[in-house]
Structures are given as structure tokens and as C-alpha cells.
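K.L.:
See work-v2.txt below, with compact mmCIF, C-alpha atoms.
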```txt
# COMPACT_ATOMS: atom_id res chain seq x y z
CA MET A 43 16.54 18.87 97.68
CA GLN A 44 18.89 18.36 100.59
CA ARG A 45 21.75 17.73 98.19
CA SER A 46 21.75 21.25 96.75
CA ALA A 47 23.73 22.65 99.65
CA LYS A 48 26.38 20.07 98.95
CA LEU A 49 26.69 21.19 95.34
CA ASP A 50 28.82 24.18 96.20
CA ALA A 51 31.02 22.16 98.49
CA PRO A 52 34.67 21.81 97.54
CA GLY A 53 35.60 18.60 95.79
CA LEU A 54 32.79 18.75 93.27
CA HIS A 55 33.64 18.99 89.60
CA ARG A 56 31.38 20.49 86.97
CA TYR A 57 31.48 19.38 83.36
CA ALA A 58 29.48 19.75 80.19
CA ALA A 59 29.14 16.92 77.67
CA PHE A 60 26.36 15.41 75.53
CA GLY A 61 24.43 18.63 76.13
CA LEU A 62 24.25 17.75 79.83
CA ASN A 63 25.49 19.64 82.86
CA ILE A 64 27.33 17.12 84.98
CA VAL A 65 28.37 17.49 88.61
CA SER A 66 30.76 14.83 89.82
CA GLU A 67 32.54 13.86 93.01
CA ILE A 68 34.99 12.00 90.76
CA PRO A 69 37.34 14.09 88.64
CA LEU A 70 36.71 13.35 84.94
CA PRO A 71 39.67 14.72 82.97
CA GLU A 72 38.13 13.30 79.76
CA LEU A 73 35.48 16.04 79.91
CA TYR A 74 35.66 19.77 79.53
CA PRO A 75 34.71 21.83 82.58
CA ALA A 76 31.33 23.52 82.45
CA ARG A 77 31.40 27.24 81.90
CA THR A 78 31.68 28.75 85.36
CA ASP A 79 29.05 31.40 84.67
CA SER A 80 26.38 28.79 83.95
CA GLY A 81 24.22 28.67 87.02
CA ALA A 82 22.17 25.89 85.47
CA GLU A 83 20.93 23.06 87.63
CA PRO A 84 22.93 19.94 86.96
CA ASP A 85 21.29 17.32 84.77
CA VAL A 86 23.46 14.51 86.08
CA ARG A 87 25.04 13.94 89.46
CA ILE A 88 27.86 11.45 89.91
CA ARG A 89 28.77 10.48 93.42
CA LEU A 90 30.93 7.99 95.19
CA GLU A 91 29.13 5.48 97.30
CA ALA A 92 30.77 3.26 99.85
CA SER A 93 29.01 -0.04 99.87
CA PRO A 94 29.72 -3.19 101.80
CA GLU A 95 28.40 -5.42 99.03
CA THR A 96 30.70 -5.15 96.04
CA SER A 97 29.69 -7.91 93.74
CA GLY A 98 32.49 -10.04 92.42
CA SER A 99 30.84 -10.94 89.16
CA GLY A 100 29.31 -9.07 86.28
CA MET A 101 25.70 -8.12 86.64
CA PHE A 102 22.93 -6.05 85.18
CA VAL A 103 19.91 -5.52 87.40
CA VAL A 104 16.88 -3.40 86.55
CA GLU A 105 14.62 -2.21 89.38
CA ALA A 106 11.90 0.40 88.75
CA ASP A 107 13.84 3.40 87.43
CA SER A 108 17.29 2.20 88.50
CA VAL A 109 19.81 0.02 86.76
CA THR A 110 22.78 -1.46 88.61
CA LEU A 111 25.82 -2.53 86.62
CA ALA A 112 28.75 -4.40 88.12
CA PHE A 113 32.05 -5.22 86.45
CA PRO A 114 34.52 -7.58 88.08
CA GLY A 115 37.58 -5.76 89.39
CA ILE A 116 36.17 -2.39 88.29
CA GLY A 117 33.21 -1.57 90.46
CA ARG A 118 29.51 -1.04 90.66
CA TYR A 119 27.41 1.71 89.07
CA ARG A 120 23.85 2.43 90.09
CA VAL A 121 22.18 4.65 87.51
CA HIS A 122 18.94 6.21 88.67
CA ALA A 123 16.26 7.99 86.64
CA GLY A 124 18.70 9.34 84.08
CA ALA A 125 19.98 11.84 86.61
CA ASP A 126 22.11 10.17 89.24
CA ILE A 127 25.02 7.74 89.09
CA ALA A 128 26.36 6.22 92.31
CA VAL A 129 29.80 4.70 91.79
CA THR A 130 31.35 2.12 94.08
CA PRO A 131 34.86 1.46 92.78
CA HIS A 132 36.43 -1.93 93.39
CA GLN A 133 39.30 -1.57 95.85
CA ASP A 134 41.89 -2.62 93.26
CA ALA A 135 40.51 -0.67 90.30
CA SER A 136 42.47 2.21 88.82
CA ALA A 137 40.73 5.58 88.57
CA ARG A 138 41.13 5.41 84.79
CA ASN A 139 39.31 2.11 84.47
CA VAL A 140 36.56 3.27 86.82
CA ARG A 141 36.04 6.29 84.53
CA LEU A 142 36.15 4.10 81.42
CA PHE A 143 33.13 2.07 82.54
CA LEU A 144 31.43 5.16 83.98
CA LEU A 145 31.63 7.13 80.74
CA GLY A 146 30.88 3.97 78.76
CA SER A 147 28.27 1.51 80.00
CA ALA A 148 26.93 3.59 82.90
CA PHE A 149 26.38 6.60 80.65
CA GLY A 150 24.85 4.23 78.09
CA VAL A 151 22.19 3.34 80.66
CA LEU A 152 21.79 7.01 81.56
CA PHE A 153 21.16 7.99 77.93
CA HIS A 154 18.51 5.28 77.55
CA GLN A 155 16.83 6.38 80.79
CA ARG A 156 16.74 9.98 79.58
CA GLY A 157 15.00 8.95 76.34
CA LEU A 158 18.06 9.82 74.27
CA PHE A 159 19.18 7.63 71.39
CA PRO A 160 22.90 6.85 71.61
CA LEU A 161 24.50 5.43 68.48
CA HIS A 162 27.74 3.47 68.56
CA ALA A 163 29.33 5.88 66.13
CA ASN A 164 31.64 8.82 65.67
CA ALA A 165 30.39 11.95 64.02
CA ILE A 166 31.92 14.90 62.25
CA VAL A 167 30.43 18.21 61.24
CA ALA A 168 30.40 19.40 57.63
CA ASN A 169 28.50 22.50 56.58
CA GLY A 170 26.46 22.62 59.76
CA ALA A 171 25.27 18.99 59.57
CA ALA A 172 26.47 15.90 61.41
CA PHE A 173 27.68 12.79 59.58
CA ALA A 174 28.02 9.70 61.73
CA PHE A 175 30.21 6.66 61.15
CA GLY A 176 29.23 3.37 62.76
CA GLY A 177 30.29 -0.23 62.41
CA GLN A 178 31.60 -2.90 64.69
CA ALA A 179 34.52 -2.34 67.04
CA GLY A 180 37.87 -2.34 65.29
CA ILE A 181 36.54 -1.36 61.87
CA GLY A 182 38.35 1.98 62.01
CA LYS A 183 35.78 4.54 63.09
CA SER A 184 38.20 6.56 65.21
CA THR A 185 40.93 6.40 62.58
CA LEU A 186 38.44 7.79 60.09
CA ALA A 187 37.47 10.59 62.45
CA ALA A 188 41.16 11.40 62.96
CA TYR A 189 41.56 11.63 59.20
CA PHE A 190 38.61 14.00 58.87
CA GLN A 191 40.00 16.02 61.75
CA SER A 192 43.28 16.34 59.83
CA ARG A 193 41.27 17.49 56.80
CA GLY A 194 39.82 20.37 58.78
CA TYR A 195 36.44 18.97 59.78
CA SER A 196 35.29 19.21 63.39
CA VAL A 197 34.87 15.93 65.22
CA LEU A 198 31.57 16.06 67.09
CA CYS A 199 31.97 12.88 69.12
CA ASP A 200 33.98 9.69 69.37
CA ASP A 201 32.55 6.22 69.95
CA VAL A 202 29.13 7.39 71.16
CA CYS A 203 26.91 9.75 69.19
CA VAL A 204 24.00 10.85 71.33
CA VAL A 205 20.89 11.65 69.31
CA SER A 206 17.74 13.45 70.40
CA PHE A 207 14.77 14.47 68.27
CA ASP A 208 13.28 17.87 67.55
CA VAL A 209 9.52 18.52 67.59
CA GLN A 210 9.25 17.29 64.01
CA GLY A 211 11.00 14.07 64.93
CA ARG A 212 14.21 14.96 63.11
CA PRO A 213 17.41 13.62 64.66
CA LEU A 214 19.93 15.95 66.31
CA ALA A 215 23.45 14.77 67.11
CA TRP A 216 25.07 16.12 70.28
CA PRO A 217 28.70 16.84 71.04
CA GLY A 218 30.26 13.95 72.92
CA LEU A 219 33.52 13.25 74.67
CA PRO A 220 36.16 15.64 73.33
CA ARG A 221 38.73 13.02 72.45
CA LEU A 222 39.52 10.26 69.99
CA LYS A 223 40.56 6.81 71.17
CA LEU A 224 43.33 5.76 68.80
CA TRP A 225 45.67 2.82 68.70
CA LYS A 226 49.32 3.79 68.89
CA ASP A 227 50.02 3.23 65.18
CA ALA A 228 46.99 5.30 64.11
CA ALA A 229 47.99 8.09 66.50
CA ASN A 230 51.46 8.08 64.96
CA VAL A 231 50.10 8.17 61.40
CA PHE A 232 48.26 11.40 62.22
CA GLY A 233 51.36 12.94 63.77
CA TYR A 234 50.56 12.50 67.44
CA ASP A 235 53.33 11.39 69.77
CA SER A 236 51.86 8.59 71.89
CA GLU A 237 54.43 9.41 74.61
CA GLN A 238 52.57 12.68 75.09
CA LEU A 239 49.11 11.12 75.18
CA GLU A 240 47.01 9.72 77.97
CA ARG A 241 46.32 6.01 77.82
CA ALA A 242 42.65 5.16 77.32
CA VAL A 243 42.80 1.78 79.06
CA ASP A 244 45.38 0.39 81.43
CA GLY A 245 47.80 -1.96 79.72
CA HIS A 246 46.60 -1.31 76.15
CA GLU A 247 48.31 0.65 73.41
CA LYS A 248 45.24 2.78 72.99
CA TYR A 249 45.49 6.49 73.62
CA HIS A 250 43.31 9.54 74.02
CA VAL A 251 43.88 12.28 71.49
CA PRO A 252 42.20 15.41 72.86
CA LEU A 253 39.84 17.35 70.62
CA PRO A 254 38.35 20.81 70.82
CA SER A 255 34.88 20.63 72.36
CA LEU A 256 31.85 21.58 70.30
CA GLU A 257 29.70 21.63 73.45
CA ALA A 258 28.97 25.36 73.17
CA GLN A 259 27.81 24.95 69.55
CA GLY A 260 25.00 22.65 70.49
CA PRO A 261 23.51 19.80 68.50
CA PHE A 262 23.69 19.47 64.72
CA PRO A 263 21.05 17.87 62.48
CA LEU A 264 22.10 14.30 61.74
CA ALA A 265 22.24 14.03 57.96
CA SER A 266 23.66 10.55 57.41
CA LEU A 267 24.87 7.43 59.11
CA TYR A 268 27.59 5.51 57.31
CA ILE A 269 28.08 1.96 58.51
CA LEU A 270 31.59 0.76 57.89
CA GLY A 271 32.14 -2.87 57.01
CA ASP A 272 34.84 -5.06 55.53
CA ARG A 273 34.89 -5.93 51.88
CA GLN A 274 36.45 -8.90 50.22
CA PRO A 275 39.78 -8.24 48.51
CA GLY A 276 39.13 -7.75 44.81
CA ALA A 277 35.66 -6.33 45.35
CA GLU A 278 35.01 -2.69 44.58
CA PHE A 279 34.89 0.00 47.23
CA GLN A 280 31.22 0.71 47.53
CA ILE A 281 28.86 3.07 49.29
CA ALA A 282 25.32 1.68 49.14
CA ARG A 283 22.14 3.33 50.36
CA LEU A 284 19.89 1.31 52.66
CA THR A 285 16.16 1.95 52.76
CA GLY A 286 13.11 0.71 54.61
CA SER A 287 13.59 -2.23 56.93
CA SER A 288 17.28 -2.61 56.00
CA ALA A 289 17.97 0.98 57.05
CA LEU A 290 16.01 0.60 60.26
CA GLU A 291 17.70 -2.68 61.12
CA ALA A 292 21.16 -1.25 60.43
CA ILE A 293 20.46 1.67 62.75
CA ALA A 294 19.09 -0.64 65.43
CA ASP A 295 22.24 -2.78 65.19
CA ASN A 296 24.33 0.32 65.90
CA ILE A 297 22.64 1.48 69.08
CA TYR A 298 25.16 2.04 71.85
CA ARG A 299 24.47 -0.55 74.58
CA GLY A 300 21.40 -1.51 72.55
CA GLU A 301 21.33 -4.85 74.38
CA TYR A 302 20.20 -2.93 77.49
CA LEU A 303 16.97 -1.72 75.85
CA ALA A 304 14.91 -4.90 76.18
CA PRO A 305 15.76 -5.54 79.87
CA MET A 306 15.03 -1.86 80.55
CA ASN A 307 11.64 -2.25 78.82
CA LEU A 308 12.68 0.30 76.24
CA ALA A 309 12.70 -1.85 73.09
CA LYS A 310 9.71 0.05 71.74
CA ALA A 311 11.40 3.43 72.22
CA GLY A 312 14.55 2.10 70.56
CA PHE A 313 12.58 0.87 67.54
CA GLU A 314 10.72 4.16 67.21
CA HIS A 315 13.89 6.20 67.53
CA ALA A 316 15.63 4.05 64.91
CA ALA A 317 12.62 4.56 62.61
CA ARG A 318 12.88 8.34 63.01
CA VAL A 319 16.56 8.29 62.11
CA ALA A 320 15.76 6.10 59.08
CA ARG A 321 12.98 8.47 58.00
CA HIS A 322 14.93 11.69 58.28
CA GLY A 323 18.52 10.65 57.65
CA ALA A 324 20.26 8.63 54.97
CA VAL A 325 21.85 5.31 55.92
CA TYR A 326 24.69 3.85 53.88
CA THR A 327 26.91 0.83 54.13
CA VAL A 328 30.54 1.38 53.26
CA SER A 329 32.57 -1.63 52.28
CA ARG A 330 36.20 -0.82 52.76
CA LEU A 331 39.52 -2.50 53.07
CA ARG A 332 41.63 -2.22 56.17
CA GLY A 333 45.16 -0.91 56.08
CA TYR A 334 46.71 2.48 55.67
CA ASP A 335 47.78 1.86 52.06
CA VAL A 336 44.22 2.00 50.72
CA PHE A 337 42.90 4.25 53.48
CA ALA A 338 43.54 7.62 51.83
CA SER A 339 41.90 6.79 48.50
CA GLU A 340 38.84 5.26 50.18
CA VAL A 341 38.20 8.07 52.63
CA GLU A 342 38.54 10.64 49.86
CA LYS A 343 35.62 8.92 48.13
CA LEU A 344 33.69 8.97 51.37
CA GLU A 345 34.43 12.65 51.87
CA ARG A 346 33.28 13.39 48.31
CA HIS A 347 30.13 11.36 48.96
CA PHE A 348 28.93 13.37 51.92
CA ASN A 349 29.91 16.65 50.32
CA ASP A 350 27.97 15.67 47.17
CA GLY A 351 25.03 14.80 49.41
CA LEU A 352 25.17 18.27 50.90
CA ALA A 353 25.32 19.80 47.44
CA GLU A 354 22.22 17.83 46.40
CA GLN A 355 20.34 19.03 49.46
CA ASP A 356 21.26 22.63 48.66
CA ALA A 357 20.20 22.33 45.00
CA MET D 99 6.77 -25.92 61.77
CA ASN D 100 3.14 -26.87 61.27
CA ALA D 101 1.96 -23.36 60.36
CA PRO D 102 1.86 -23.87 56.56
CA ALA D 103 -0.45 -26.86 57.04
CA ILE D 104 -3.20 -24.71 58.53
CA LEU D 105 -2.71 -21.68 56.29
CA THR D 106 -5.58 -22.44 53.97
CA GLU D 107 -7.98 -20.01 52.40
CA ASN D 108 -10.41 -20.56 55.28
CA ALA D 109 -7.85 -19.75 57.99
CA VAL D 110 -8.43 -16.57 59.97
CA VAL D 111 -5.38 -14.38 60.25
CA GLY D 112 -4.72 -11.50 62.65
CA ARG D 113 -1.83 -9.43 63.96
CA THR D 114 0.18 -10.69 66.91
CA ALA D 115 -0.43 -8.40 69.87
CA GLY D 116 2.40 -6.02 70.68
CA VAL D 117 4.10 -6.07 67.28
CA LEU D 118 5.76 -2.72 66.64
CA GLU D 119 5.41 -1.02 63.29
CA ALA D 120 6.93 2.01 61.63
CA GLU D 121 6.67 3.47 58.16
CA VAL D 122 10.01 4.08 56.48
CA ASP D 123 10.56 4.81 52.76
CA ASP D 124 7.17 3.41 51.61
CA GLU D 125 7.71 0.24 53.60
CA ILE D 126 5.96 -0.80 56.76
CA VAL D 127 8.60 -2.23 59.06
CA LEU D 128 7.43 -4.72 61.67
CA LEU D 129 9.22 -5.92 64.77
CA ASN D 130 8.29 -8.59 67.24
CA ILE D 131 10.47 -7.54 70.17
CA GLU D 132 10.81 -11.11 71.45
CA LYS D 133 12.14 -12.22 68.05
CA GLY D 134 14.21 -9.13 67.42
CA ASN D 135 14.18 -9.20 63.59
CA CYS D 136 12.82 -6.34 61.53
CA TYR D 137 10.52 -7.34 58.69
CA GLY D 138 9.78 -4.94 55.84
CA LEU D 139 6.50 -5.01 53.93
CA ASN D 140 6.22 -3.68 50.38
CA LYS D 141 3.10 -1.87 49.15
CA ALA D 142 0.96 -5.00 48.69
CA GLY D 143 2.27 -6.48 51.93
CA SER D 144 1.39 -3.26 53.72
CA ARG D 145 -2.17 -3.56 52.36
CA VAL D 146 -2.42 -7.07 53.78
CA TRP D 147 -1.11 -5.81 57.14
CA HIS D 148 -3.77 -3.11 57.03
CA PHE D 149 -6.54 -5.66 56.25
CA ILE D 150 -5.62 -7.94 59.16
CA ALA D 151 -5.88 -5.17 61.76
CA GLU D 152 -9.19 -6.98 62.30
CA PRO D 153 -8.66 -10.73 61.96
CA CYS D 154 -9.99 -11.93 58.63
CA ARG D 155 -10.02 -14.99 56.39
CA VAL D 156 -7.25 -15.58 53.87
CA SER D 157 -9.85 -15.74 51.10
CA ASP D 158 -11.12 -12.28 52.10
CA ILE D 159 -7.58 -10.87 51.99
CA CYS D 160 -7.25 -12.20 48.43
CA ALA D 161 -10.62 -10.82 47.37
CA ARG D 162 -9.73 -7.37 48.63
CA LEU D 163 -6.30 -7.44 46.99
CA MET D 164 -7.83 -8.53 43.66
CA ALA D 165 -10.16 -5.54 43.86
CA GLU D 166 -7.13 -3.25 44.13
CA TYR D 167 -4.53 -4.96 41.96
CA ASP D 168 -4.66 -6.46 38.47
CA ILE D 169 -3.80 -9.98 39.55
CA ASP D 170 -5.36 -13.41 38.94
CA ALA D 171 -6.86 -15.43 41.76
CA GLU D 172 -4.29 -18.21 41.76
CA THR D 173 -1.24 -15.92 41.78
CA CYS D 174 -2.85 -13.77 44.45
CA MET D 175 -3.59 -16.74 46.72
CA ARG D 176 -0.07 -18.15 46.25
CA GLN D 177 1.59 -14.81 47.07
CA VAL D 178 -0.64 -14.09 50.04
CA ILE D 179 0.03 -17.52 51.53
CA GLU D 180 3.76 -17.02 50.94
CA LEU D 181 3.69 -13.66 52.71
CA LEU D 182 1.62 -14.99 55.60
CA GLU D 183 3.99 -17.94 56.04
CA GLN D 184 6.88 -15.53 56.36
CA LEU D 185 4.99 -13.30 58.78
CA ASN D 186 4.06 -16.38 60.78
CA SER D 187 7.65 -17.57 60.98
CA GLU D 188 8.52 -14.19 62.54
CA ASP D 189 5.58 -14.53 64.96
CA LEU D 190 4.01 -11.38 63.53
CA ILE D 191 0.58 -12.94 62.91
CA THR D 192 -1.75 -15.39 64.57
CA ILE D 193 -3.62 -18.05 62.63
CA SER D 194 -6.79 -19.78 63.71
CA GLY D 195 -9.17 -22.20 62.03
CA GLY D 196 -8.54 -23.30 58.50
CA SER D 197 -8.52 -27.02 59.07
CA GLY D 198 -12.26 -27.33 58.40
CA PRO D 199 -13.85 -27.96 55.03
```
Would you give me this structure, written as C-alpha cells?
P.N.:
Amino acid sequence: MQRSAKLDAPGLHRYAAFGLNIVSEIPLPELYPARTDSGAEPDVRIRLEASPETSGSGMFVVEADSVTLAFPGIGRYRVHAGADIAVTPHQDASARNVRLFLLGSAFGVLFHQRGLFPLHANAIVANGAAFAFGGQAGIGKSTLAAYFQSRGYSVLCDDVCVVSFDVQGRPLAWPGLPRLKLWKDAANVFGYDSEQLERAVDGHEKYHVPLPSLEAQGPFPLASLYILGDRQPGAEFQIARLTGSSALEAIADNIYRGEYLAPMNLAKAGFEHAARVARHGAVYTVSRLRGYDVFASEVEKLERHFNDGLAEQDA
Amino acid sequence: MNAPAILTENAVVGRTAGVLEAEVDDEIVLLNIEKGNCYGLNKAGSRVWHFIAEPCRVSDICARLMAEYDIDAETCMRQVIELLEQLNSEDLITISGGSGP
């Protein structure tokens, strides 16, 4: 490898996230630095690539084991073989926005290429097991994680929960980005001062709340996936177990960047991974109301539900 | 949709090539990637799916089911046709013949 000499060059940053050793030419303050004593070969290399052809429009191109993503005004990301990301930032893009799409969509491609199963979910750890919370954007996943954090649980990951499988096919959830993305009002509710926080996206009242990293503690068995949804006013708060095809379909609907699987010829892997999660974990839908007034009483029921589940497993 | 018209007891039914299947909670879950919908089969449906691994006639499916389940011929035929119509609408099976006498 002619690049190995370059690895020790100044200007390279080493991080650990998702169970991966990452070496980057771009500073990524969202991640925790890798332990300096780890002499491990990097799993992922991120480099800057000057390119004359910066596409003006969005695109998604699959060639052999590479996927090229382009976002207007942000830049271009070429993700190769689950191990290498070449980033060509748009001349007008802020570093923050370039990182946002790098750690989002580009890493989404990378996870799929590596045969990992990323869920669009947060996860917390209770009693040595991971509990994930999915549901469409804006349903309150991060707010829920912030609540559990305030209740003393460890937050394993925000937004993306990367899952791999052990030799028996059981799902393991990996530590993710050590931060929560919270809207200003949610951050304030949990006692964070948004003035002191880093913005997640330029021009939006969404902030990064840093979390302790669980990277050193490795993956946790994924016990349950709760899918948050709205309920009609007047209807009861409900946690309902899904089984069989409903469970599998619900998991498949919550794959992070799941729309990339078919063009990447990975639909079969996605289906099989979703089936493994359905077989070994419990899937529930949670119908909840939005708003902080009902939030506390609803999440207490949720908290009791996964603790009761743990008690049943122990019995 | 003209599929129900040819789904008679003489029609020969087989699995669509490339359909993915997985067993979850006593159900067989099928997916035609092009269609993108998961379809869950109960116990009896799973038996039918097993039978049509090799294409076979609808009447043979019914005969085999009646050997395993306490069910009368008419009900069996009606339910099998119903199931096959649903599987056909998800492009999970192929149907040939059946229009003859």
C-alpha cells in the first residue's frame, strides 16, 4: 500500500466510531479521537480530492464497488469498497455541511458496502442490552434519547444505529456518533444552553449535545426496536408487538438510507438482515402524542416496558 | 388484471424466480424486490408455498392440503384460489395453463 507512509503524516486525524477505526484528512469534531495506543490498521480512510468536475445537481451513481453521491452546493463523495471515502467539497460549502453529508449519506453507503445493517434509529443501553427507537424524522427520537440520558441511561447512538450480526445471526448494536441532535426547545427542556452548543446544520435551530462515547465498550445485543408513531388525540397510548411480516416490514422501513440498497444490488442482504433482527429482537410500534405536556407520562410507560421486558428475559 | 380468469383448478402454479423468503415467528415472509412489499404466509399458506417449489396444478395443491387439514373440498379450493390471487397480485407466483377443459 503506497498510502501507508502517508498515514503518519501530519494533518491526518484518527477517530473511532461505529466500531471502525477512521483516518481522515478532514477534521471531524463530531467524533472522538481514536485511542493513541491503538496501532490498528484503519478500517476507513477519508481524503480530500480535488476534482475538476463538481456536479451541480444531485446524483447517485453506482459503479462496481464504488458509489458516487453528489449534493448541490455541498460536494461530491465517492465511497469505495466500504473502506475509502473521497470528498470533493463544493467551493461555497461550509465545513459543517460537508461533514453533515459525509457522516450521513456517505457513511450510509459505507455501512451498506461493509455488509452492516444501519437502522434509522437511536439506541440506549439498559442492563447490558440495546433498545433502539425508530420512526420517521421529526417524531421525537432524539428528544426521547435525551430524556433517557437524563434518567441515567447511556445513549449508544443518535440517528443511526449500526447493526452487525454474531455467528448465530443475533443482532449487535454499535456505538455511533457521540452526540444528540436536538432542536433548541428540546435542548432547553433538558437543561442545555443552546448558546453553548454547536449547531448541527447551518441556519437551523438544531444543535449538537455531546455525549460520552461508548466506543470502548463495544457492541451490545439489540433487544428491541420501538417504532414511534403519532396517535390520534383521544386514542390510548399503546405499545403493540409486531410479528412475522409486519415486524420484518417495519424494520425494513427503518433502514438508514434503505433506498440505496436496491441500486447497490443489496436488496437481498437488506431483507435477510431485517429478517434476522425480526427473529432475534422484539419489534413494537409506539403510538404517542407530541408535545412536552404528555411526554413525561408516555416515556415513563416506555421505560417500564423495556425494563419489564428485561425482567421477563431474566425470569 | 386478468389473472383470476386463468386461476382455475387446472392452472399450473409456480414460484416467481428471485423471490426472497425468510421465516419469522412461524410465518414465511416473501418479498419480490421489484415490488417491494413483504407478504406474510400463515401455516397453511406456507404449506402451499412449499408445494409450489415445483410448479404444480391448483387441484393438486388442494388435494395435498386436504390430506393434511380437516377441510372440505369446496372451502379448500376457494381459499387456495384466494391465496394464489393475492400472491399473483404481488408477482410472487407464475401461472400457466388453466384455460383448457
K.L.:
In Å, how far is it from atom CA of Val178 of chain D to atom CA of Ile126 of chain D?
P.N.:
16.3 Å
K.L.:
Considering all atoms listed in the file, extract the chain D residues located within 8 Å of chain A and return them as a list of chain:residue names.
P.N.:
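Taken together, these residues fit the definition: D:Leu118, D:Ala120, D:Glu121, D:Val122, D:Asp123, D:Asp124, D:Glu125, D:Ile126, D:Val127, D:Ile131, D:Asn135, D:Cys136, D:Tyr137, D:Gly138.
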K.L.:
Atom CA of Val231 of chain A and atom CA of Thr327 of chain A are how many Å apart?
P.N.:
25.4 Å
K.L.:
What are the centre and edge lengths in Å, to one decimal, of the axis-aligned box around all listed atoms of segment 220-225 of chain A with 6 Å added on each side, as JSON?
P.N.:
```
{"center_x": 40.9, "center_y": 9.2, "center_z": 71.0, "size_x": 21.5, "size_y": 24.8, "size_z": 16.6}
```
K.L.:
Which is closest to Ser66 of chain A among A:Val104, A:Ala148, A:Ala128, A:Leu111, if we use all atoms listed in the file?
P.N.:
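That would be A:Ala128, the residue with the smallest distance to Ser66 of chain A.
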K.L.:
Set the distance at 9 Å and use all atoms listed in the file: which residues neighbour Leu161 of chain A once local chain neighbours fewer than 6 positions away are removed? I'd like the list as a ChimeraX atom specification.
P.N.:
/A:174,176,201-205,293-294,296-300
K.L.:
Just to be explicit: take each residue in the selection above, keep C-alpha atoms, and write the result as a short mmCIF file (atom, residue, chain, number, x, y, z; two decimals), in the coordinates of the input.
P.N.:
```
data_model
loop_
_atom_site.label_atom_id
_atom_site.label_comp_id
_atom_site.auth_asym_id
_atom_site.auth_seq_id
_atom_site.Cartn_x
_atom_site.Cartn_y
_atom_site.Cartn_z
CA ALA A 174 28.02 9.70 61.73
CA GLY A 176 29.23 3.37 62.76
CA ASP A 201 32.55 6.22 69.95
CA VAL A 202 29.13 7.39 71.16
CA CYS A 203 26.91 9.75 69.19
CA VAL A 204 24.00 10.85 71.33
CA VAL A 205 20.89 11.65 69.31
CA ILE A 293 20.46 1.67 62.75
CA ALA A 294 19.09 -0.64 65.43
CA ASN A 296 24.33 0.32 65.90
CA ILE A 297 22.64 1.48 69.08
CA TYR A 298 25.16 2.04 71.85
CA ARG A 299 24.47 -0.55 74.58
CA GLY A 300 21.40 -1.51 72.55
#
```
K.L.:
Between atom CA of Pro220 of chain A and atom CA of Tyr74 of chain A, what is the distance in Å, rounded to a tenth?
P.N.:
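If I compute the distance from atom CA of Pro220 of chain A to atom CA of Tyr74 of chain A, I get 7.5 Å.
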K.L.:
Return the single residue from A:Tyr189, A:Phe348, A:Tyr195, A:Phe149 that is closest to Leu219 of chain A, with distances computed using all atoms listed in the file.
P.N.:
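Checking each of A:Tyr189, A:Phe348, A:Tyr195, A:Phe149 against Leu219 of chain A, counting all atoms listed in the file, the winner is A:Phe149.
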K.L.:
What would segment 166-179 of chain D look like with N, CA and C atoms restored, written as a PDB file, in the frame of the given file?
P.N.:
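Here's the written file selection-v2.pdb:
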```
ATOM      1  N   GLU D 166      -8.037  -4.392  44.232  1.00  0.00           N
ATOM      2  CA  GLU D 166      -7.130  -3.250  44.130  1.00  0.00           C
ATOM      3  C   GLU D 166      -6.040  -3.439  43.088  1.00  0.00           C
ATOM      4  N   TYR D 167      -5.646  -4.689  42.871  1.00  0.00           N
ATOM      5  CA  TYR D 167      -4.530  -4.960  41.960  1.00  0.00           C
ATOM      6  C   TYR D 167      -5.013  -5.827  40.804  1.00  0.00           C
ATOM      7  N   ASP D 168      -4.355  -5.640  39.649  1.00  0.00           N
ATOM      8  CA  ASP D 168      -4.660  -6.460  38.470  1.00  0.00           C
ATOM      9  C   ASP D 168      -3.892  -7.767  38.606  1.00  0.00           C
ATOM     10  N   ILE D 169      -4.498  -8.725  39.283  1.00  0.00           N
ATOM     11  CA  ILE D 169      -3.800  -9.980  39.550  1.00  0.00           C
ATOM     12  C   ILE D 169      -4.816 -11.119  39.534  1.00  0.00           C
ATOM     13  N   ASP D 170      -4.395 -12.304  39.007  1.00  0.00           N
ATOM     14  CA  ASP D 170      -5.360 -13.410  38.940  1.00  0.00           C
ATOM     15  C   ASP D 170      -5.450 -14.126  40.272  1.00  0.00           C
ATOM     16  N   ALA D 171      -6.530 -14.841  40.458  1.00  0.00           N
ATOM     17  CA  ALA D 171      -6.860 -15.430  41.760  1.00  0.00           C
ATOM     18  C   ALA D 171      -5.771 -16.382  42.255  1.00  0.00           C
ATOM     19  N   GLU D 172      -5.257 -17.206  41.337  1.00  0.00           N
ATOM     20  CA  GLU D 172      -4.290 -18.210  41.760  1.00  0.00           C
ATOM     21  C   GLU D 172      -2.989 -17.572  42.226  1.00  0.00           C
ATOM     22  N   THR D 173      -2.467 -16.611  41.428  1.00  0.00           N
ATOM     23  CA  THR D 173      -1.240 -15.920  41.780  1.00  0.00           C
ATOM     24  C   THR D 173      -1.411 -15.190  43.109  1.00  0.00           C
ATOM     25  N   CYS D 174      -2.570 -14.542  43.244  1.00  0.00           N
ATOM     26  CA  CYS D 174      -2.850 -13.770  44.450  1.00  0.00           C
ATOM     27  C   CYS D 174      -2.823 -14.681  45.674  1.00  0.00           C
ATOM     28  N   MET D 175      -3.534 -15.810  45.586  1.00  0.00           N
ATOM     29  CA  MET D 175      -3.590 -16.740  46.720  1.00  0.00           C
ATOM     30  C   MET D 175      -2.189 -17.246  47.061  1.00  0.00           C
ATOM     31  N   ARG D 176      -1.411 -17.608  46.032  1.00  0.00           N
ATOM     32  CA  ARG D 176      -0.070 -18.150  46.250  1.00  0.00           C
ATOM     33  C   ARG D 176       0.813 -17.101  46.969  1.00  0.00           C
ATOM     34  N   GLN D 177       0.730 -15.839  46.492  1.00  0.00           N
ATOM     35  CA  GLN D 177       1.590 -14.810  47.070  1.00  0.00           C
ATOM     36  C   GLN D 177       1.152 -14.424  48.484  1.00  0.00           C
ATOM     37  N   VAL D 178      -0.150 -14.416  48.697  1.00  0.00           N
ATOM     38  CA  VAL D 178      -0.640 -14.090  50.040  1.00  0.00           C
ATOM     39  C   VAL D 178      -0.213 -15.162  51.037  1.00  0.00           C
ATOM     40  N   ILE D 179      -0.373 -16.433  50.634  1.00  0.00           N
ATOM     41  CA  ILE D 179       0.030 -17.520  51.530  1.00  0.00           C
ATOM     42  C   ILE D 179       1.531 -17.448  51.827  1.00  0.00           C
TER      43      ILE D 179
END
```
